[in-house]
Amino acid sequence: MIAVDTNILVYAHREDSPWHGAARDWLKATAEGPVPWAIPWPCLHEFLGIATHPRVYRPPTPREAAIDQVEAWLEAPGLVLLGEGEGYWQTLKDAILSGGILGGQVHDARIAALCRHHGVQALCTADRDFSRFPGLTTRNPLVH
């Protein structure tokens, strides 16, 4: 199973993103495909925060439109939502220690730990920062 990071969700949603077309097409094919795929809950939270932020986008995505987008993703067949469960703390602690994580990087450690905790094969992201987490494979679906 693959998981999708926030930046791919934002690019797929925001028509003003230079990666919109590629991200939209890839995410649509993934969401409509027969293979289970995942979104970590923190990525949905972050999507809502970024897409609706008036200092990030001018104009920002209206709150209702961002919520509608999340609901559309939640209806996709095969979607698995990744959240914390029993044993998660040890996985997060390992990600923080093995990645030398401090401060704001804990958010990425949380996503990495959720992916590892749920047995995700690859996190699809355009963010190279995830390479610091041993045991997490990343793939940028926008680059061939």
# chains A, B, ... in the order shown; residues from 1 in each chain; ligands from 1

$ closest_atom_pairs --of "region 43-72 of chain A" --to "region 1-10 of chain A" --cutoff "9 Å" --atoms "only C-alpha atoms" --output "JSON lines"
{"residue": "A:Cys43", "atom": "CA", "partner": "A:Thr6", "partner_atom": "CA", "distance": 4.8}
{"residue": "A:Leu44", "atom": "CA", "partner": "A:Thr6", "partner_atom": "CA", "distance": 6.9}
{"residue": "A:His45", "atom": "CA", "partner": "A:Thr6", "partner_atom": "CA", "distance": 8.8}
{"residue": "A:Glu46", "atom": "CA", "partner": "A:Thr6", "partner_atom": "CA", "distance": 6.5}
{"residue": "A:Phe47", "atom": "CA", "partner": "A:Thr6", "partner_atom": "CA", "distance": 5.7}
{"residue": "A:Leu48", "atom": "CA", "partner": "A:Val10", "partner_atom": "CA", "distance": 8.9}
{"residue": "A:Ile50", "atom": "CA", "partner": "A:Val10", "partner_atom": "CA", "distance": 7.7}
{"residue": "A:Ala51", "atom": "CA", "partner": "A:Val10", "partner_atom": "CA", "distance": 6.6}

$ select_by_dssp --residues "region 6-130 of chain A" --states "strand (DSSP E)" --output "PyMOL selection string"
chain A and resi 37-40+79-82+122-124

$ write_last_selection --atoms "C-alpha atoms" --output "PDB file, in the first residue's frame"
ATOM      1  CA  TRP A  37      -3.998   3.456  -0.813  1.00  0.00           C
ATOM      2  CA  ALA A  38      -3.704   5.607   2.283  1.00  0.00           C
ATOM      3  CA  ILE A  39      -3.672   9.129   3.637  1.00  0.00           C
ATOM      4  CA  PRO A  40      -2.281   9.782   7.118  1.00  0.00           C
ATOM      5  CA  LEU A  79      -8.774   4.554   0.889  1.00  0.00           C
ATOM      6  CA  VAL A  80      -7.250   3.665   4.242  1.00  0.00           C
ATOM      7  CA  LEU A  81      -6.864   6.446   6.806  1.00  0.00           C
ATOM      8  CA  LEU A  82      -3.723   6.137   8.900  1.00  0.00           C
ATOM      9  CA  ALA A 122       6.055   3.969  -0.011  1.00  0.00           C
ATOM     10  CA  LEU A 123       5.082   7.519   0.908  1.00  0.00           C
ATOM     11  CA  CYS A 124       4.271   9.467  -2.249  1.00  0.00           C
TER      12      CYS A 124
END

$ residues_around --residues "region 106-121 of chain A" --least-positions-apart "2" --cutoff "9 Å" --atoms "only C-alpha atoms" --output "ChimeraX atom specification"
/A:1-3,5,37-38,40-43,82-85,87-96,99,101-104,123,129-130,133,135-138

$ closest_atom_pairs --of "region 81-143 of chain A" --to "region 15-27 of chain A" --cutoff "10 Å" --atoms "only C-alpha atoms" --output "CSV"
residue,atom,partner,partner_atom,distance
A:Pro141,CA,A:Trp26,CA,7.2
A:Leu142,CA,A:Ala22,CA,6.0
A:Val143,CA,A:Ala22,CA,9.0

$ write_last_selection --atoms "C-alpha atoms" --output "mmCIF file, in the first residue's frame"
data_model
loop_
_atom_site.group_PDB
_atom_site.id
_atom_site.type_symbol
_atom_site.label_atom_id
_atom_site.label_comp_id
_atom_site.auth_asym_id
_atom_site.auth_seq_id
_atom_site.Cartn_x
_atom_site.Cartn_y
_atom_site.Cartn_z
ATOM 1 C CA PRO A 141 4.859 10.487 -8.407
ATOM 2 C CA LEU A 142 5.257 13.812 -10.239
ATOM 3 C CA VAL A 143 8.732 12.956 -11.564
#

$ atom_distance --atom1 "CA of Gln105 (chain A)" --atom2 "CA of Pro54 (chain A)"
23.2 Å

$ atom_distance --atom1 "CA of Asp68 (chain A)" --atom2 "CA of Pro34 (chain A)"
23.1 Å

$ select_by_dssp --residues "region 109-144 of chain A" --states "helix (DSSP H, G or I)" --output "list in words"
Ala109, Arg110, Ile111, Ala112, Ala113, Leu114, Cys115, Arg116, His117, Arg128, Asp129, Phe130, Ser131 and Arg132 of chain A

$ write_last_selection --atoms "N, CA and C atoms" --output "compact mmCIF listing (two decimals), in the first residue's frame"
# COMPACT_ATOMS: atom_id res chain seq x y z
N ALA A 109 8.05 13.38 11.32
CA ALA A 109 8.29 12.11 12.01
C ALA A 109 6.97 11.40 12.30
N ARG A 110 5.96 12.16 12.62
CA ARG A 110 4.64 11.57 12.88
C ARG A 110 4.10 10.89 11.63
N ILE A 111 4.22 11.56 10.49
CA ILE A 111 3.74 10.97 9.23
C ILE A 111 4.55 9.73 8.89
N ALA A 112 5.87 9.82 9.03
CA ALA A 112 6.74 8.67 8.77
C ALA A 112 6.39 7.51 9.69
N ALA A 113 6.18 7.80 10.96
CA ALA A 113 5.85 6.75 11.92
C ALA A 113 4.49 6.11 11.61
N LEU A 114 3.52 6.91 11.22
CA LEU A 114 2.21 6.35 10.85
C LEU A 114 2.34 5.42 9.65
N CYS A 115 3.14 5.83 8.68
CA CYS A 115 3.34 4.97 7.50
C CYS A 115 4.01 3.67 7.89
N ARG A 116 5.08 3.75 8.68
CA ARG A 116 5.78 2.53 9.10
C ARG A 116 4.89 1.67 9.98
N HIS A 117 4.14 2.29 10.88
CA HIS A 117 3.27 1.57 11.80
C HIS A 117 2.20 0.76 11.05
N ARG A 128 11.64 16.03 0.04
CA ARG A 128 12.84 15.22 0.21
C ARG A 128 13.21 15.02 1.68
N ASP A 129 12.60 15.78 2.57
CA ASP A 129 12.94 15.68 3.99
C ASP A 129 12.63 14.30 4.57
N PHE A 130 11.74 13.56 3.96
CA PHE A 130 11.39 12.24 4.50
C PHE A 130 12.51 11.22 4.32
N SER A 131 13.52 11.56 3.53
CA SER A 131 14.63 10.63 3.33
C SER A 131 15.43 10.41 4.61
N ARG A 132 15.25 11.25 5.60
CA ARG A 132 16.01 11.10 6.85
C ARG A 132 15.45 10.01 7.77

$ atom_distance --atom1 "CA of Glu75 (chain A)" --atom2 "CA of Gly49 (chain A)"
20.6 Å

$ closest_residue --among "A:Ala29, A:Thr125, A:Asn140, A:Tyr11" --to "Ala76 (chain A)" --atoms "only C-alpha atoms"
A:Ala29
